[in-house]
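Colleague: My questions will all concern the structure given below.
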Amino acid sequence: MPLAEKLVILDRDGVINQDSDDYVKSLDEFLPYPQAITAIARLSQAGWTVVVATNQSGIARGYYDEATLAAMHERLNTLVADAGGQIAAIAHCPHGPSDGCECRKPLPGLLKRLGAELGIEDLTGGWMVGDSLRDLEAGEAVGCHPVLVRTGKGERTLAKYPELTSDGRTSLFDDLAAFVDWLLEKQL
Ligand SMILES: O=P(O)(O)OC[C@@H](O)[C@H]1O[C@@H](OP(=O)(O)O)[C@@H](O)[C@@H](O)[C@@H]1O
Ligand SMILES: [Mg+2]
Ligand SMILES: [Zn+2]
């Protein structure tokens, strides 16, 4: 059974793949960062459990459907497998901001669902990597270490909330690969 201490929860858009202010609406627009794919593979090869928690309000907004999202995640899993790793689970919130669901970040519903799926009751000590404040808040709500990356909306998030990293609670890295370098070095 995986342990939270070796669990990394990833936001998707802006961390694993290029984000867009117009949403990532098709498989063609789903452009993973190559270094993110190899970083995920390196993590799983080192015995870490990697999962993804992503808001996908574009579904509620009618920009794309569940089948298109599933095709993106099949592509993601294939790329990671080809790189020699695996993503243990992907959870998404298909709802819009006014749907009142419990799974849209910053609420921790997706993270709790992933924990239950993996048999990890307590997520305390896990790592949550995101480019938006809501990712970090969702992670902290279940005791994960928040990690902000500069990719995607990360620079904007940092500019809007500079206190995020000044209080020492949130770690800051240029991208997912830099965080994984640090994490794997740290565990040696
Ligand atoms: O970063 P993750 O959670 O993987 O996915 C974010 C996306 O679902 C979209 O989330 C939207 O936020 P709203 O859902 O409209 O507030 C916007 O920020 C889009 O630019 C972005 O592509
Ligand atoms: Mg994001
Ligand atoms: Zn939801």
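Residues are named by chain letter and number: chains run A, B, ... in the order of the structure tokens, numbers start at 1 in each chain, and ligands are numbered from 1 in the order shown.
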If we count only C-alpha atoms, what is near Ile59 (chain A) at a cut-off of 9 Å, once residues fewer than 3 positions away on the same chain are taken out, given as a list in words?
Modeller: Lys25, Gln56, Gly62, Tyr63, Tyr64, Asp65, Glu66, Leu69, Cys93, Pro94, His95 and Gly96 of chain A
Colleague: Would you return as a VMD selection string the members of chain A that DSSP assigns to strand (DSSP E) on this structure's backbone?
Modeller: chain A and resid 7 to 10 49 to 55 89 to 93 127 to 130 145 to 149 171 to 173
Colleague: Atoms to include: C-alpha atoms. Write the selected residues as an mmCIF file, in the first residue's frame.
Modeller:
```cif
data_model
loop_
_atom_site.group_PDB
_atom_site.id
_atom_site.type_symbol
_atom_site.label_atom_id
_atom_site.label_comp_id
_atom_site.auth_asym_id
_atom_site.auth_seq_id
_atom_site.Cartn_x
_atom_site.Cartn_y
_atom_site.Cartn_z
ATOM 1 C CA LEU A 7 2.847 10.436 -2.834
ATOM 2 C CA VAL A 8 2.985 13.300 -5.336
ATOM 3 C CA ILE A 9 -0.302 14.852 -6.436
ATOM 4 C CA LEU A 10 -0.014 16.875 -9.638
ATOM 5 C CA THR A 49 3.155 7.171 -6.338
ATOM 6 C CA VAL A 50 2.075 9.861 -8.807
ATOM 7 C CA VAL A 51 -1.538 10.949 -9.249
ATOM 8 C CA VAL A 52 -3.246 13.856 -11.010
ATOM 9 C CA ALA A 53 -6.041 16.117 -9.703
ATOM 10 C CA THR A 54 -7.437 18.510 -12.293
ATOM 11 C CA ASN A 55 -10.304 20.991 -12.566
ATOM 12 C CA ALA A 89 -4.742 7.586 -11.009
ATOM 13 C CA ILE A 90 -6.212 10.726 -12.554
ATOM 14 C CA ALA A 91 -9.219 12.477 -10.983
ATOM 15 C CA HIS A 92 -11.013 15.424 -12.554
ATOM 16 C CA CYS A 93 -13.768 17.839 -11.576
ATOM 17 C CA TRP A 127 3.233 16.676 -2.016
ATOM 18 C CA MET A 128 0.836 18.811 -4.048
ATOM 19 C CA VAL A 129 2.310 20.491 -7.129
ATOM 20 C CA GLY A 130 0.346 23.229 -8.849
ATOM 21 C CA HIS A 145 3.240 20.072 1.253
ATOM 22 C CA PRO A 146 2.292 22.785 -1.301
ATOM 23 C CA VAL A 147 4.665 23.253 -4.246
ATOM 24 C CA LEU A 148 4.265 26.097 -6.741
ATOM 25 C CA VAL A 149 5.834 25.849 -10.200
ATOM 26 C CA SER A 171 8.117 25.594 -2.045
ATOM 27 C CA LEU A 172 8.831 27.258 -5.406
ATOM 28 C CA PHE A 173 10.407 25.585 -8.447
#
```
Colleague: At a cut-off of 10 Å and counting only C-alpha atoms and all ligand atoms, what residues surround ligand 2? Please answer as an NGL selection string.
Modeller: :A and (10-20 or 53-56 or 129-135 or 149 or 151-154)
Colleague: Write out as an NGL selection string the residues lying within 12 Å of Gly143 (chain A), counting only C-alpha atoms and excluding same-chain residues fewer than 4 positions away.
Modeller: :A and (4-5 or 7 or 9 or 108 or 111-112 or 121-128 or 136-139 or 169)
Colleague: Could the residues in this selection be saved with N, CA and C atoms as a compact mmCIF listing (two decimals), in the first residue's frame?
Modeller:
```txt
# COMPACT_ATOMS: atom_id res chain seq x y z
N ALA A 4 1.59 8.14 2.05
CA ALA A 4 1.44 9.54 1.66
C ALA A 4 2.81 10.21 1.53
N GLU A 5 3.76 9.76 2.35
CA GLU A 5 5.08 10.42 2.32
C GLU A 5 5.78 10.20 0.98
N LEU A 7 3.93 10.13 -1.90
CA LEU A 7 2.85 10.44 -2.83
C LEU A 7 3.03 11.85 -3.38
N ILE A 9 0.96 14.52 -5.76
CA ILE A 9 -0.30 14.85 -6.44
C ILE A 9 -0.02 16.02 -7.36
N PRO A 108 -10.85 19.98 -1.40
CA PRO A 108 -9.95 18.81 -1.50
C PRO A 108 -10.63 17.53 -1.97
N LEU A 111 -8.62 15.18 -4.16
CA LEU A 111 -7.48 14.58 -3.47
C LEU A 111 -7.94 13.45 -2.54
N LYS A 112 -9.05 13.69 -1.87
CA LYS A 112 -9.60 12.64 -0.99
C LYS A 112 -10.02 11.43 -1.80
N GLU A 121 -5.55 6.57 3.52
CA GLU A 121 -6.57 7.23 4.32
C GLU A 121 -6.18 8.68 4.64
N ASP A 122 -4.90 8.82 5.05
CA ASP A 122 -4.42 10.14 5.51
C ASP A 122 -3.36 10.64 4.53
N LEU A 123 -3.63 11.78 3.92
CA LEU A 123 -2.73 12.30 2.88
C LEU A 123 -1.64 13.20 3.46
N THR A 124 -1.63 13.32 4.79
CA THR A 124 -0.63 14.17 5.45
C THR A 124 0.79 13.76 5.04
N GLY A 125 1.58 14.74 4.64
CA GLY A 125 2.97 14.46 4.26
C GLY A 125 3.16 14.23 2.78
N GLY A 126 2.06 14.17 2.03
CA GLY A 126 2.18 14.06 0.57
C GLY A 126 2.59 15.41 -0.02
N TRP A 127 2.83 15.45 -1.32
CA TRP A 127 3.23 16.68 -2.02
C TRP A 127 2.16 17.03 -3.04
N MET A 128 1.82 18.32 -3.07
CA MET A 128 0.84 18.81 -4.05
C MET A 128 1.51 19.86 -4.91
N LEU A 136 -2.74 24.70 -4.42
CA LEU A 136 -1.97 24.70 -3.17
C LEU A 136 -2.91 24.62 -1.97
N GLU A 137 -4.03 25.33 -2.07
CA GLU A 137 -5.01 25.32 -0.97
C GLU A 137 -5.64 23.93 -0.81
N ALA A 138 -5.92 23.30 -1.94
CA ALA A 138 -6.52 21.95 -1.88
C ALA A 138 -5.54 20.99 -1.22
N GLY A 139 -4.27 21.11 -1.58
CA GLY A 139 -3.25 20.23 -0.99
C GLY A 139 -3.11 20.46 0.50
N ARG A 169 6.03 28.41 3.72
CA ARG A 169 5.09 27.26 3.70
C ARG A 169 5.07 26.57 2.34
```
Colleague: Would you pick out the contacts of region 97-102 of chain A at 10 Å or less, using only C-alpha atoms, so that residues sharing its chain but fewer than 4 positions from it are not included, and give the list as number ranges by chain?
Modeller: A: 55, 57, 60-61, 93, 106-110
Colleague: Write the residues of the preceding selection, restricted to N, CA and C atoms, as a short mmCIF file (atom, residue, chain, number, x, y, z; two decimals), in the first residue's frame.
Modeller:
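Result file is part14.cif:
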```
data_model
loop_
_atom_site.label_atom_id
_atom_site.label_comp_id
_atom_site.auth_asym_id
_atom_site.auth_seq_id
_atom_site.Cartn_x
_atom_site.Cartn_y
_atom_site.Cartn_z
N ASN A 55 -9.01 20.36 -12.32
CA ASN A 55 -10.30 20.99 -12.57
C ASN A 55 -10.51 21.02 -14.07
N SER A 57 -13.47 22.52 -15.78
CA SER A 57 -14.77 23.20 -15.90
C SER A 57 -15.16 23.40 -17.37
N ALA A 60 -18.25 21.46 -18.08
CA ALA A 60 -19.51 22.12 -17.68
C ALA A 60 -19.83 23.29 -18.61
N ARG A 61 -18.79 23.92 -19.11
CA ARG A 61 -18.99 25.08 -20.00
C ARG A 61 -19.29 24.67 -21.44
N CYS A 93 -12.49 17.20 -11.93
CA CYS A 93 -13.77 17.84 -11.58
C CYS A 93 -14.35 18.42 -12.85
N PRO A 106 -10.40 24.91 -5.02
CA PRO A 106 -9.55 24.54 -3.88
C PRO A 106 -10.16 23.54 -2.91
N LEU A 107 -11.38 23.08 -3.14
CA LEU A 107 -11.86 22.04 -2.22
C LEU A 107 -11.03 20.77 -2.44
N PRO A 108 -10.85 19.98 -1.40
CA PRO A 108 -9.95 18.81 -1.50
C PRO A 108 -10.63 17.53 -1.97
N GLY A 109 -11.84 17.62 -2.49
CA GLY A 109 -12.58 16.41 -2.86
C GLY A 109 -11.84 15.49 -3.81
N LEU A 110 -11.17 16.04 -4.81
CA LEU A 110 -10.43 15.19 -5.77
C LEU A 110 -9.29 14.47 -5.05
#
```
Colleague: For region 72-77 of chain A, find every residue with an atom within 8 Å (counting only C-alpha atoms), except residues of its own chain fewer than 5 positions away, and show them as a ChimeraX atom specification.
Modeller: /A:26-27,30,32,86-87,90
Colleague: Find, counting only C-alpha atoms and all ligand atoms, the residue in A:Pro2, A:Gly85, A:Gly115, A:Gly58 that gets nearest to ligand 3.
Modeller: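 The answer is A:Gly58, which sits nearest to ligand 3.
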Colleague: Return the single residue from A:Trp48, A:Trp182, A:Tyr23, A:Tyr161 that is closest to ligand 1, with distances computed using only C-alpha atoms and all ligand atoms.
Modeller: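 Smallest separation from ligand 1 among the options: A:Tyr23.
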Colleague: What's the 9 Å shell around Gly84 (chain A), counting only C-alpha atoms, without same-chain residues fewer than 3 positions away, as a PyMOL selection string?
Modeller: chain A and resi 38+41-42+44-45+79-81
Colleague: Leaving out Glu185 (chain A) and any residue of its chain fewer than 3 positions from it, which residues lie within 12 Å of it when counting only C-alpha atoms, given as number ranges by chain?
Modeller: A: 42-43, 46, 178-182, 188
